[in-house]
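S.K.: The structure file data.cif (mmCIF, C-alpha atoms) is provided below.
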```cif
data_my_file
loop_
_atom_site.group_PDB
_atom_site.id
_atom_site.type_symbol
_atom_site.label_atom_id
_atom_site.label_comp_id
_atom_site.auth_asym_id
_atom_site.auth_seq_id
_atom_site.Cartn_x
_atom_site.Cartn_y
_atom_site.Cartn_z
ATOM 1 C CA MET A 4 -161.431 117.659 132.177
ATOM 2 C CA GLN A 5 -163.824 117.905 129.228
ATOM 3 C CA GLN A 6 -162.350 121.206 128.122
ATOM 4 C CA LEU A 7 -158.813 119.837 128.349
ATOM 5 C CA LEU A 8 -159.725 116.651 126.487
ATOM 6 C CA ASP A 9 -161.445 118.597 123.697
ATOM 7 C CA GLN A 10 -158.410 120.853 123.322
ATOM 8 C CA ILE A 11 -155.962 117.945 123.244
ATOM 9 C CA VAL A 12 -157.980 116.043 120.636
ATOM 10 C CA LYS A 13 -158.347 119.120 118.437
ATOM 11 C CA GLU A 14 -154.642 119.964 118.569
ATOM 12 C CA CYS A 15 -153.254 116.424 118.309
ATOM 13 C CA ALA A 16 -155.499 115.121 115.519
ATOM 14 C CA PRO A 17 -153.527 116.868 112.711
ATOM 15 C CA LEU A 18 -150.388 114.993 113.802
ATOM 16 C CA SER A 19 -151.870 111.891 112.185
ATOM 17 C CA GLU A 20 -150.598 113.184 108.846
ATOM 18 C CA ALA A 21 -147.075 112.167 109.900
ATOM 19 C CA GLY A 22 -147.940 108.453 110.119
ATOM 20 C CA HIS A 23 -149.625 105.693 108.158
ATOM 21 C CA VAL A 24 -152.201 102.991 108.802
ATOM 22 C CA ALA A 25 -151.180 99.348 109.270
ATOM 23 C CA ASP A 26 -151.437 98.442 105.593
ATOM 24 C CA TYR A 27 -149.776 95.021 106.000
ATOM 25 C CA ILE A 28 -153.137 93.791 107.312
ATOM 26 C CA PRO A 29 -155.590 94.454 104.452
ATOM 27 C CA GLU A 30 -158.617 95.262 106.617
ATOM 28 C CA LEU A 31 -156.663 97.644 108.838
ATOM 29 C CA ALA A 32 -155.482 99.434 105.700
ATOM 30 C CA LYS A 33 -159.086 100.578 105.203
ATOM 31 C CA ALA A 34 -159.105 102.683 108.407
ATOM 32 C CA ASN A 35 -159.520 106.431 108.089
ATOM 33 C CA PRO A 36 -156.069 107.841 108.982
ATOM 34 C CA LYS A 37 -157.686 111.093 110.116
ATOM 35 C CA SER A 38 -159.876 109.452 112.766
ATOM 36 C CA PHE A 39 -158.956 110.445 116.283
ATOM 37 C CA GLY A 40 -160.635 110.314 119.667
ATOM 38 C CA ALA A 41 -159.882 110.066 123.364
ATOM 39 C CA ALA A 42 -161.666 109.133 126.581
ATOM 40 C CA VAL A 43 -161.078 109.137 130.327
ATOM 41 C CA THR A 44 -162.861 107.097 133.004
ATOM 42 C CA ASP A 45 -162.036 107.891 136.624
ATOM 43 C CA LYS A 46 -162.102 105.659 139.706
ATOM 44 C CA ASP A 47 -165.681 106.701 140.475
ATOM 45 C CA GLY A 48 -166.941 105.764 137.013
ATOM 46 C CA LYS A 49 -167.237 109.311 135.686
ATOM 47 C CA GLN A 50 -166.422 109.543 131.987
ATOM 48 C CA TRP A 51 -165.271 112.177 129.531
ATOM 49 C CA ALA A 52 -164.919 111.633 125.781
ATOM 50 C CA SER A 53 -163.976 113.692 122.750
ATOM 51 C CA GLY A 54 -163.615 113.256 119.001
ATOM 52 C CA ASP A 55 -164.067 109.761 117.573
ATOM 53 C CA ALA A 56 -164.208 108.100 120.989
ATOM 54 C CA ASP A 57 -167.172 105.918 119.955
ATOM 55 C CA GLU A 58 -165.666 104.729 116.660
ATOM 56 C CA THR A 59 -165.154 100.966 116.584
ATOM 57 C CA PHE A 60 -161.686 99.553 115.946
ATOM 58 C CA CYS A 61 -159.900 96.347 116.897
ATOM 59 C CA LEU A 62 -157.813 95.707 119.983
ATOM 60 C CA GLU A 63 -154.899 94.116 118.128
ATOM 61 C CA SER A 64 -152.001 93.934 120.621
ATOM 62 C CA ILE A 65 -154.042 95.527 123.411
ATOM 63 C CA ALA A 66 -155.711 92.112 123.621
ATOM 64 C CA LYS A 67 -152.456 90.844 125.148
ATOM 65 C CA VAL A 68 -153.428 92.636 128.349
ATOM 66 C CA VAL A 69 -156.631 90.606 128.522
ATOM 67 C CA SER A 70 -155.094 87.220 127.702
ATOM 68 C CA LEU A 71 -152.272 87.793 130.194
ATOM 69 C CA ALA A 72 -154.703 88.723 132.974
ATOM 70 C CA LEU A 73 -156.779 85.630 132.172
ATOM 71 C CA ALA A 74 -153.769 83.293 132.152
ATOM 72 C CA LEU A 75 -152.412 84.700 135.418
ATOM 73 C CA GLN A 76 -155.826 84.416 137.035
ATOM 74 C CA LEU A 77 -156.423 80.824 135.919
ATOM 75 C CA ARG A 78 -152.944 79.282 135.655
ATOM 76 C CA GLY A 79 -151.030 81.236 138.273
ATOM 77 C CA PHE A 80 -147.838 83.235 138.140
ATOM 78 C CA ASP A 81 -145.400 80.326 138.239
ATOM 79 C CA ASP A 82 -146.929 78.532 135.249
ATOM 80 C CA VAL A 83 -147.062 81.679 133.132
ATOM 81 C CA PHE A 84 -143.643 83.113 133.958
ATOM 82 C CA ASP A 85 -141.906 79.766 133.647
ATOM 83 C CA ARG A 86 -142.799 79.952 129.951
ATOM 84 C CA VAL A 87 -142.657 83.696 129.260
ATOM 85 C CA GLY A 88 -140.176 86.237 130.628
ATOM 86 C CA ARG A 89 -140.772 89.641 132.185
ATOM 87 C CA SER A 90 -138.006 91.636 130.509
ATOM 88 C CA ALA A 91 -138.263 94.597 128.149
ATOM 89 C CA ILE A 92 -136.813 94.190 124.672
ATOM 90 C CA ALA A 93 -135.468 96.697 122.154
ATOM 91 C CA ASP A 94 -136.404 94.586 119.127
ATOM 92 C CA PRO A 95 -139.650 94.875 117.117
ATOM 93 C CA PHE A 96 -142.734 93.174 118.567
ATOM 94 C CA ASN A 97 -142.690 90.430 115.912
ATOM 95 C CA SER A 98 -138.940 89.733 115.911
ATOM 96 C CA ILE A 99 -137.867 86.170 115.134
ATOM 97 C CA MET A 100 -134.133 86.867 115.351
ATOM 98 C CA ARG A 101 -134.069 87.607 119.084
ATOM 99 C CA LEU A 102 -136.154 84.545 119.894
ATOM 100 C CA GLU A 103 -133.786 82.316 117.924
ATOM 101 C CA MET A 104 -130.550 83.835 119.234
ATOM 102 C CA ASP A 105 -131.385 83.707 122.932
ATOM 103 C CA SER A 106 -131.108 80.524 124.976
ATOM 104 C CA PRO A 107 -133.407 79.262 126.290
ATOM 105 C CA HIS A 108 -135.741 80.155 123.424
ATOM 106 C CA ARG A 109 -138.319 81.788 125.669
ATOM 107 C CA PRO A 110 -140.192 84.988 124.712
ATOM 108 C CA HIS A 111 -138.907 87.977 126.666
ATOM 109 C CA ASN A 112 -142.348 89.162 127.787
ATOM 110 C CA PRO A 113 -146.099 88.658 127.217
ATOM 111 C CA MET A 114 -146.511 91.944 125.330
ATOM 112 C CA ILE A 115 -144.616 90.876 122.202
ATOM 113 C CA ASN A 116 -146.217 88.538 119.679
ATOM 114 C CA SER A 117 -144.243 85.417 120.558
ATOM 115 C CA GLY A 118 -144.977 85.914 124.250
ATOM 116 C CA ALA A 119 -148.683 86.456 123.674
ATOM 117 C CA ILE A 120 -148.896 83.321 121.518
ATOM 118 C CA VAL A 121 -147.359 81.280 124.346
ATOM 119 C CA VAL A 122 -149.751 82.866 126.853
ATOM 120 C CA VAL A 123 -152.719 81.870 124.674
ATOM 121 C CA SER A 124 -151.430 78.293 124.572
ATOM 122 C CA LEU A 125 -151.462 78.246 128.399
ATOM 123 C CA LEU A 126 -155.160 79.077 128.726
ATOM 124 C CA PRO A 127 -156.711 76.001 130.368
ATOM 125 C CA GLN A 128 -159.932 75.867 128.348
ATOM 126 C CA GLU A 129 -160.258 73.055 125.801
ATOM 127 C CA GLY A 130 -160.586 74.062 122.149
ATOM 128 C CA VAL A 131 -160.645 77.297 120.177
ATOM 129 C CA GLU A 132 -164.226 78.293 120.965
ATOM 130 C CA ALA A 133 -163.820 77.820 124.708
ATOM 131 C CA LYS A 134 -160.560 79.762 124.817
ATOM 132 C CA ILE A 135 -161.760 82.725 122.770
ATOM 133 C CA GLY A 136 -165.033 82.658 124.679
ATOM 134 C CA ALA A 137 -163.137 83.115 127.935
ATOM 135 C CA VAL A 138 -161.083 85.984 126.473
ATOM 136 C CA LEU A 139 -164.237 87.680 125.158
ATOM 137 C CA GLU A 140 -165.979 87.321 128.509
ATOM 138 C CA LEU A 141 -163.075 88.845 130.440
ATOM 139 C CA CYS A 142 -162.713 91.631 127.882
ATOM 140 C CA ALA A 143 -166.391 92.497 128.306
ATOM 141 C CA VAL A 144 -166.336 92.663 132.099
ATOM 142 C CA LEU A 145 -163.040 94.569 132.180
ATOM 143 C CA SER A 146 -164.443 97.235 129.850
ATOM 144 C CA GLY A 147 -167.998 97.314 131.180
ATOM 145 C CA GLN A 148 -169.613 95.892 128.035
ATOM 146 C CA LYS A 149 -172.531 93.483 127.976
ATOM 147 C CA ILE A 150 -170.746 91.556 125.262
ATOM 148 C CA ALA A 151 -167.455 91.710 123.369
ATOM 149 C CA GLU A 152 -167.327 90.433 119.801
ATOM 150 C CA VAL A 153 -164.759 89.490 117.188
ATOM 151 C CA VAL A 154 -164.866 91.584 114.004
ATOM 152 C CA GLU A 155 -164.982 88.713 111.518
ATOM 153 C CA ARG A 156 -163.557 90.525 108.494
ATOM 154 C CA VAL A 157 -160.505 91.654 110.488
ATOM 155 C CA TYR A 158 -160.016 88.175 111.949
ATOM 156 C CA LEU A 159 -159.981 86.606 108.477
ATOM 157 C CA SER A 160 -157.630 89.311 107.205
ATOM 158 C CA GLU A 161 -155.264 88.570 110.095
ATOM 159 C CA LYS A 162 -155.536 84.816 109.667
ATOM 160 C CA PHE A 163 -154.664 84.739 105.978
ATOM 161 C CA THR A 164 -151.866 87.328 105.955
ATOM 162 C CA SER A 165 -149.974 86.583 109.181
ATOM 163 C CA ASP A 166 -146.966 84.623 107.953
ATOM 164 C CA ARG A 167 -144.664 86.165 110.567
ATOM 165 C CA ASN A 168 -146.842 85.101 113.511
ATOM 166 C CA ARG A 169 -147.194 81.645 112.028
ATOM 167 C CA ALA A 170 -143.398 81.422 111.708
ATOM 168 C CA LEU A 171 -142.997 82.506 115.335
ATOM 169 C CA ALA A 172 -145.453 79.875 116.537
ATOM 170 C CA TYR A 173 -143.896 77.008 114.610
ATOM 171 C CA PHE A 174 -140.426 78.017 115.770
ATOM 172 C CA LEU A 175 -141.667 78.064 119.374
ATOM 173 C CA ARG A 176 -143.069 74.570 118.944
ATOM 174 C CA SER A 177 -139.832 73.311 117.361
ATOM 175 C CA VAL A 178 -137.826 74.310 120.446
ATOM 176 C CA GLY A 179 -140.367 72.990 122.934
ATOM 177 C CA SER A 180 -141.667 76.397 124.072
ATOM 178 C CA LEU A 181 -145.188 75.921 122.706
ATOM 179 C CA GLU A 182 -147.454 72.976 123.373
ATOM 180 C CA GLY A 183 -150.734 71.982 121.804
ATOM 181 C CA ASP A 184 -152.028 72.497 118.291
ATOM 182 C CA VAL A 185 -150.240 75.428 116.665
ATOM 183 C CA GLU A 186 -153.055 76.383 114.298
ATOM 184 C CA ASP A 187 -155.639 76.298 117.088
ATOM 185 C CA THR A 188 -153.459 78.534 119.256
ATOM 186 C CA LEU A 189 -152.957 80.955 116.377
ATOM 187 C CA ASP A 190 -156.670 80.991 115.638
ATOM 188 C CA VAL A 191 -157.407 82.132 119.182
ATOM 189 C CA TYR A 192 -154.636 84.720 118.898
ATOM 190 C CA PHE A 193 -155.968 86.134 115.612
ATOM 191 C CA ARG A 194 -159.511 86.235 116.982
ATOM 192 C CA MET A 195 -158.588 88.039 120.178
ATOM 193 C CA CYS A 196 -156.601 90.651 118.245
ATOM 194 C CA SER A 197 -159.762 91.243 116.175
ATOM 195 C CA ILE A 198 -162.066 92.027 119.117
ATOM 196 C CA GLY A 199 -163.937 95.271 118.492
ATOM 197 C CA THR A 200 -163.729 98.147 120.962
ATOM 198 C CA THR A 201 -163.888 101.937 121.264
ATOM 199 C CA ALA A 202 -161.734 104.472 123.064
ATOM 200 C CA LYS A 203 -164.515 104.951 125.601
ATOM 201 C CA GLN A 204 -164.689 101.223 126.350
ATOM 202 C CA LEU A 205 -160.906 100.987 126.524
ATOM 203 C CA SER A 206 -160.791 103.759 129.097
ATOM 204 C CA VAL A 207 -163.017 101.611 131.325
ATOM 205 C CA LEU A 208 -160.613 98.692 130.931
ATOM 206 C CA GLY A 209 -157.779 101.008 131.951
ATOM 207 C CA ALA A 210 -159.773 102.242 134.933
ATOM 208 C CA THR A 211 -160.496 98.666 136.044
ATOM 209 C CA LEU A 212 -156.762 97.941 136.060
ATOM 210 C CA ALA A 213 -156.186 101.255 137.876
ATOM 211 C CA CYS A 214 -158.691 100.207 140.550
ATOM 212 C CA ASN A 215 -156.827 96.940 141.193
ATOM 213 C CA GLY A 216 -159.288 94.836 139.225
ATOM 214 C CA ARG A 217 -162.598 96.417 140.275
ATOM 215 C CA ASN A 218 -164.659 97.869 137.419
ATOM 216 C CA PRO A 219 -165.663 101.414 138.491
ATOM 217 C CA LEU A 220 -168.826 101.344 136.371
ATOM 218 C CA THR A 221 -170.215 98.041 137.629
ATOM 219 C CA GLY A 222 -168.466 97.632 140.971
ATOM 220 C CA GLN A 223 -167.528 94.070 139.980
ATOM 221 C CA ASP A 224 -164.235 92.598 141.137
ATOM 222 C CA VAL A 225 -162.989 91.255 137.806
ATOM 223 C CA ILE A 226 -159.388 90.206 138.499
ATOM 224 C CA SER A 227 -157.304 90.066 141.654
ATOM 225 C CA PRO A 228 -155.304 93.117 142.791
ATOM 226 C CA THR A 229 -152.089 91.120 142.352
ATOM 227 C CA VAL A 230 -152.934 90.310 138.732
ATOM 228 C CA ALA A 231 -153.874 93.945 138.071
ATOM 229 C CA ARG A 232 -150.604 95.223 139.547
ATOM 230 C CA THR A 233 -148.562 92.728 137.537
ATOM 231 C CA VAL A 234 -150.290 93.631 134.283
ATOM 232 C CA ARG A 235 -149.743 97.337 134.970
ATOM 233 C CA ALA A 236 -146.047 96.734 135.624
ATOM 234 C CA LEU A 237 -145.606 94.905 132.320
ATOM 235 C CA MET A 238 -147.543 97.623 130.507
ATOM 236 C CA MET A 239 -145.125 100.197 131.901
ATOM 237 C CA THR A 240 -141.988 98.291 130.906
ATOM 238 C CA CYS A 241 -143.110 96.511 127.721
ATOM 239 C CA GLY A 242 -146.477 97.856 126.566
ATOM 240 C CA MET A 243 -145.426 100.281 123.820
ATOM 241 C CA TYR A 244 -143.376 97.874 121.689
ATOM 242 C CA ASP A 245 -139.744 98.942 121.278
ATOM 243 C CA GLY A 246 -140.778 102.490 122.176
ATOM 244 C CA SER A 247 -141.645 101.493 125.753
ATOM 245 C CA GLY A 248 -138.590 103.103 127.330
ATOM 246 C CA GLU A 249 -139.112 106.451 125.648
ATOM 247 C CA PHE A 250 -142.825 106.373 126.480
ATOM 248 C CA ALA A 251 -142.081 105.641 130.145
ATOM 249 C CA VAL A 252 -139.713 108.616 130.309
ATOM 250 C CA ASP A 253 -141.836 111.044 128.280
ATOM 251 C CA VAL A 254 -145.322 110.028 129.455
ATOM 252 C CA GLY A 255 -144.824 108.010 132.640
ATOM 253 C CA ILE A 256 -148.073 106.035 132.481
ATOM 254 C CA PRO A 257 -148.468 102.233 132.174
ATOM 255 C CA ALA A 258 -149.914 101.743 128.688
ATOM 256 C CA LYS A 259 -150.499 99.227 125.929
ATOM 257 C CA SER A 260 -150.813 100.020 122.249
ATOM 258 C CA GLY A 261 -152.091 98.126 119.234
ATOM 259 C CA VAL A 262 -151.601 98.541 115.493
ATOM 260 C CA GLY A 263 -155.337 99.124 115.184
ATOM 261 C CA GLY A 264 -154.527 102.593 116.517
ATOM 262 C CA GLY A 265 -155.570 102.255 120.137
ATOM 263 C CA ILE A 266 -153.616 103.019 123.285
ATOM 264 C CA VAL A 267 -154.941 102.270 126.764
ATOM 265 C CA GLY A 268 -153.333 103.815 129.841
ATOM 266 C CA THR A 269 -153.906 103.050 133.496
ATOM 267 C CA VAL A 270 -153.212 105.474 136.347
ATOM 268 C CA PRO A 271 -153.249 103.477 139.611
ATOM 269 C CA GLY A 272 -155.971 104.567 141.999
ATOM 270 C CA ARG A 273 -157.163 107.319 139.679
ATOM 271 C CA ALA A 274 -158.282 106.641 136.113
ATOM 272 C CA GLY A 275 -158.118 104.849 132.805
ATOM 273 C CA LEU A 276 -157.138 106.751 129.650
ATOM 274 C CA ALA A 277 -157.623 105.702 126.039
ATOM 275 C CA VAL A 278 -156.946 107.156 122.622
ATOM 276 C CA TYR A 279 -157.686 106.003 119.087
ATOM 277 C CA GLY A 280 -155.839 107.119 115.974
ATOM 278 C CA PRO A 281 -154.988 104.517 113.296
ATOM 279 C CA SER A 282 -152.155 106.527 111.755
ATOM 280 C CA LEU A 283 -149.028 104.896 113.204
ATOM 281 C CA ASP A 284 -145.361 105.742 113.682
ATOM 282 C CA GLU A 285 -142.509 103.426 112.637
ATOM 283 C CA ARG A 286 -142.877 101.400 115.849
ATOM 284 C CA GLY A 287 -146.573 100.712 115.372
ATOM 285 C CA ASN A 288 -147.880 103.254 117.885
ATOM 286 C CA SER A 289 -150.537 105.865 117.130
ATOM 287 C CA VAL A 290 -148.797 109.136 116.225
ATOM 288 C CA ALA A 291 -151.536 111.418 117.504
ATOM 289 C CA GLY A 292 -152.278 108.989 120.334
ATOM 290 C CA VAL A 293 -148.780 109.151 121.801
ATOM 291 C CA ALA A 294 -148.850 112.944 121.630
ATOM 292 C CA ALA A 295 -152.251 113.058 123.332
ATOM 293 C CA MET A 296 -151.164 110.666 126.069
ATOM 294 C CA LYS A 297 -148.137 112.859 126.749
ATOM 295 C CA ARG A 298 -150.330 115.926 127.107
ATOM 296 C CA LEU A 299 -152.831 114.111 129.323
ATOM 297 C CA SER A 300 -149.945 113.023 131.496
ATOM 298 C CA LEU A 301 -148.507 116.498 131.853
ATOM 299 C CA GLU A 302 -151.546 118.795 131.648
ATOM 300 C CA GLY A 303 -154.013 116.399 133.236
ATOM 301 C CA GLY A 304 -151.688 115.487 136.076
ATOM 302 C CA PHE A 305 -151.870 111.749 135.324
ATOM 303 C CA ARG A 306 -148.152 111.003 135.334
ATOM 304 C CA VAL A 307 -147.238 108.010 137.511
ATOM 305 C CA ILE A 308 -143.434 108.185 137.457
#
```
Transcribe the structure of this file into structure tokens.

M.R.:
Amino acid sequence: MQQLLDQIVKECAPLSEAGHVADYIPELAKANPKSFGAAVTDKDGKQWASGDADETFCLESIAKVVSLALALQLRGFDDVFDRVGRSAIADPFNSIMRLEMDSPHRPHNPMINSGAIVVVSLLPQEGVEAKIGAVLELCAVLSGQKIAEVVERVYLSEKFTSDRNRALAYFLRSVGSLEGDVEDTLDVYFRMCSIGTTAKQLSVLGATLACNGRNPLTGQDVISPTVARTVRALMMTCGMYDGSGEFAVDVGIPAKSGVGGGIVGTVPGRAGLAVYGPSLDERGNSVAGVAAMKRLSLEGGFRVI
């Protein structure tokens, strides 16, 4: 596995030249577009890593996996899926048009921005600090960290440049799809997207989902098997933005990407995979990361479907 991972990282890293970093968020624009790393954690807790697998970046939309698992665990399936759908969508992850045109005005799934904002509003904790504290705690135990932390400079960059997310949230409130204080909900959302991680830590998160909620490093049962299976299903159908269908066909692994450059994959009963490369394609997915995931799927035998 180490030899294969080293070869994949070496050969996929140059593909980053075909993309660009997420420059619409000022702090993310500072990322090194040539950075690239990958990691694998198997069901027994054995790990392999290559390249920039220990470089810190932010979860961004990968955080939606954590908030969804937390909401399902604490609020239950009926409460969550009464407010957010479970359908894939061909529109961009931050689309306002689709949300406005459809009736009822309910986000299609929890993996797009509008859906994740609604999911955050459903977390039962009172106040911003309690909600983000719960997300940080779950993120840490899913990924085998002692502590997970918000990268403050990225959080502030998100907070003061995210007009589209703010528009989504206020529209959701105007049609009765979002309850509570809009700015508080957004603050939790911006903070959770700014949680720091590494490819190695993300691979543990993927492995925990693959093991039906049991962290293979710690042996801790973190979330229920039903929650883990549901999150994996939504990752497969909706996790790669409007490129989810192509990724499912070409790669065949449940995965979630983020514009910070990360992709986490989960292979049920076997392993968690993660890549980091901040140079993105037009859909917001890591260029080198998608290529590496495809090769891991085919050459590593990780394909699920």

S.K.: Any chance you could work out the axis-aligned box around segment 227-236 of chain A, listed atoms only, 6 Å on each side, giving centre and edge lengths in Å to one decimal, as AutoDock Vina command-line options?

M.R.:
```
--center_x -151.7 --center_y 93.7 --center_z 138.5 --size_x 23.3 --size_y 19.3 --size_z 20.5
```

S.K.: For each of A:Leu171, A:Ile120, A:Thr221, A:Ala74, take the minimum atom-to-atom distance to Leu102 of chain A, counting all atoms listed in the file, then give the residue where this is smallest.

M.R.: A:Leu171

S.K.: Between A:Ser70, A:Thr229, A:Ser38, A:Ser146, single out the one closest to Glu58 of chain A, counting only C-alpha atoms.

M.R.: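 Going through A:Ser70, A:Thr229, A:Ser38, A:Ser146 one by one, the smallest distance to Glu58 of chain A is for A:Ser38.
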
S.K.: Which residue gives the smallest distance to Ser90 of chain A among A:Gln5, A:Ser289, A:Gln10, A:Thr240, with only C-alpha atoms counted?

M.R.: A:Thr240

S.K.: List the neighbours of Asp253 of chain A out to 12 Å using only C-alpha atoms; skip same-chain residues closer than 2 positions along the sequence, and give me the result as a ChimeraX atom specification.

M.R.: /A:239,246-251,255-257,293-301,306-308

S.K.: Return the single residue from A:Leu181, A:Cys15, A:Val254, A:Ile99 that is closest to Ser124 of chain A, with distances computed using all atoms listed in the file.

M.R.: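 Result for the nearest residue to Ser124 of chain A: A:Leu181.
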
S.K.: Please write segment 209-232 of chain A of the preceding block to a file containing N, CA and C atoms, as a short mmCIF file (atom, residue, chain, number, x, y, z; two decimals), in the first residue's frame?

M.R.:
```
data_model
loop_
_atom_site.label_atom_id
_atom_site.label_comp_id
_atom_site.auth_asym_id
_atom_site.auth_seq_id
_atom_site.Cartn_x
_atom_site.Cartn_y
_atom_site.Cartn_z
N GLY A 209 -12.88 8.91 7.75
CA GLY A 209 -13.45 8.02 6.74
C GLY A 209 -13.50 6.59 7.20
N ALA A 210 -12.46 6.15 7.91
CA ALA A 210 -12.42 4.78 8.42
C ALA A 210 -13.48 4.56 9.50
N THR A 211 -13.73 5.57 10.32
CA THR A 211 -14.76 5.45 11.35
C THR A 211 -16.14 5.27 10.71
N LEU A 212 -16.41 6.03 9.66
CA LEU A 212 -17.66 5.84 8.92
C LEU A 212 -17.69 4.46 8.27
N ALA A 213 -16.56 4.00 7.75
CA ALA A 213 -16.47 2.69 7.10
C ALA A 213 -16.73 1.56 8.09
N CYS A 214 -16.36 1.79 9.34
CA CYS A 214 -16.54 0.78 10.40
C CYS A 214 -17.85 0.97 11.15
N ASN A 215 -18.83 1.57 10.48
CA ASN A 215 -20.17 1.76 11.04
C ASN A 215 -20.17 2.55 12.35
N GLY A 216 -19.27 3.54 12.43
CA GLY A 216 -19.27 4.45 13.56
C GLY A 216 -18.26 4.14 14.64
N ARG A 217 -17.50 3.07 14.49
CA ARG A 217 -16.46 2.73 15.48
C ARG A 217 -15.10 3.21 14.98
N ASN A 218 -14.43 4.04 15.77
CA ASN A 218 -13.11 4.55 15.39
C ASN A 218 -12.09 3.42 15.50
N PRO A 219 -11.41 3.06 14.39
CA PRO A 219 -10.48 1.93 14.43
C PRO A 219 -9.20 2.20 15.21
N LEU A 220 -8.89 3.47 15.47
CA LEU A 220 -7.71 3.79 16.27
C LEU A 220 -7.98 3.69 17.76
N THR A 221 -9.17 4.14 18.17
CA THR A 221 -9.49 4.20 19.60
C THR A 221 -10.43 3.09 20.05
N GLY A 222 -11.13 2.47 19.11
CA GLY A 222 -12.11 1.46 19.47
C GLY A 222 -13.42 2.02 19.99
N GLN A 223 -13.55 3.36 19.99
CA GLN A 223 -14.75 4.01 20.52
C GLN A 223 -15.89 3.97 19.51
N ASP A 224 -17.08 3.62 20.00
CA ASP A 224 -18.28 3.72 19.19
C ASP A 224 -18.74 5.18 19.21
N VAL A 225 -18.57 5.87 18.10
CA VAL A 225 -18.77 7.32 18.04
C VAL A 225 -20.19 7.67 17.63
N ILE A 226 -20.68 7.04 16.56
CA ILE A 226 -22.05 7.25 16.09
C ILE A 226 -22.66 5.87 15.83
N SER A 227 -23.97 5.83 15.70
CA SER A 227 -24.64 4.55 15.50
C SER A 227 -24.38 4.03 14.10
N PRO A 228 -24.45 2.71 13.90
CA PRO A 228 -24.30 2.16 12.55
C PRO A 228 -25.31 2.72 11.55
N THR A 229 -26.53 2.98 12.01
CA THR A 229 -27.55 3.52 11.11
C THR A 229 -27.19 4.92 10.64
N VAL A 230 -26.67 5.75 11.55
CA VAL A 230 -26.23 7.09 11.17
C VAL A 230 -25.06 6.99 10.20
N ALA A 231 -24.10 6.11 10.49
CA ALA A 231 -22.94 5.96 9.60
C ALA A 231 -23.37 5.54 8.21
N ARG A 232 -24.28 4.58 8.12
CA ARG A 232 -24.73 4.11 6.80
C ARG A 232 -25.45 5.22 6.04
#
```
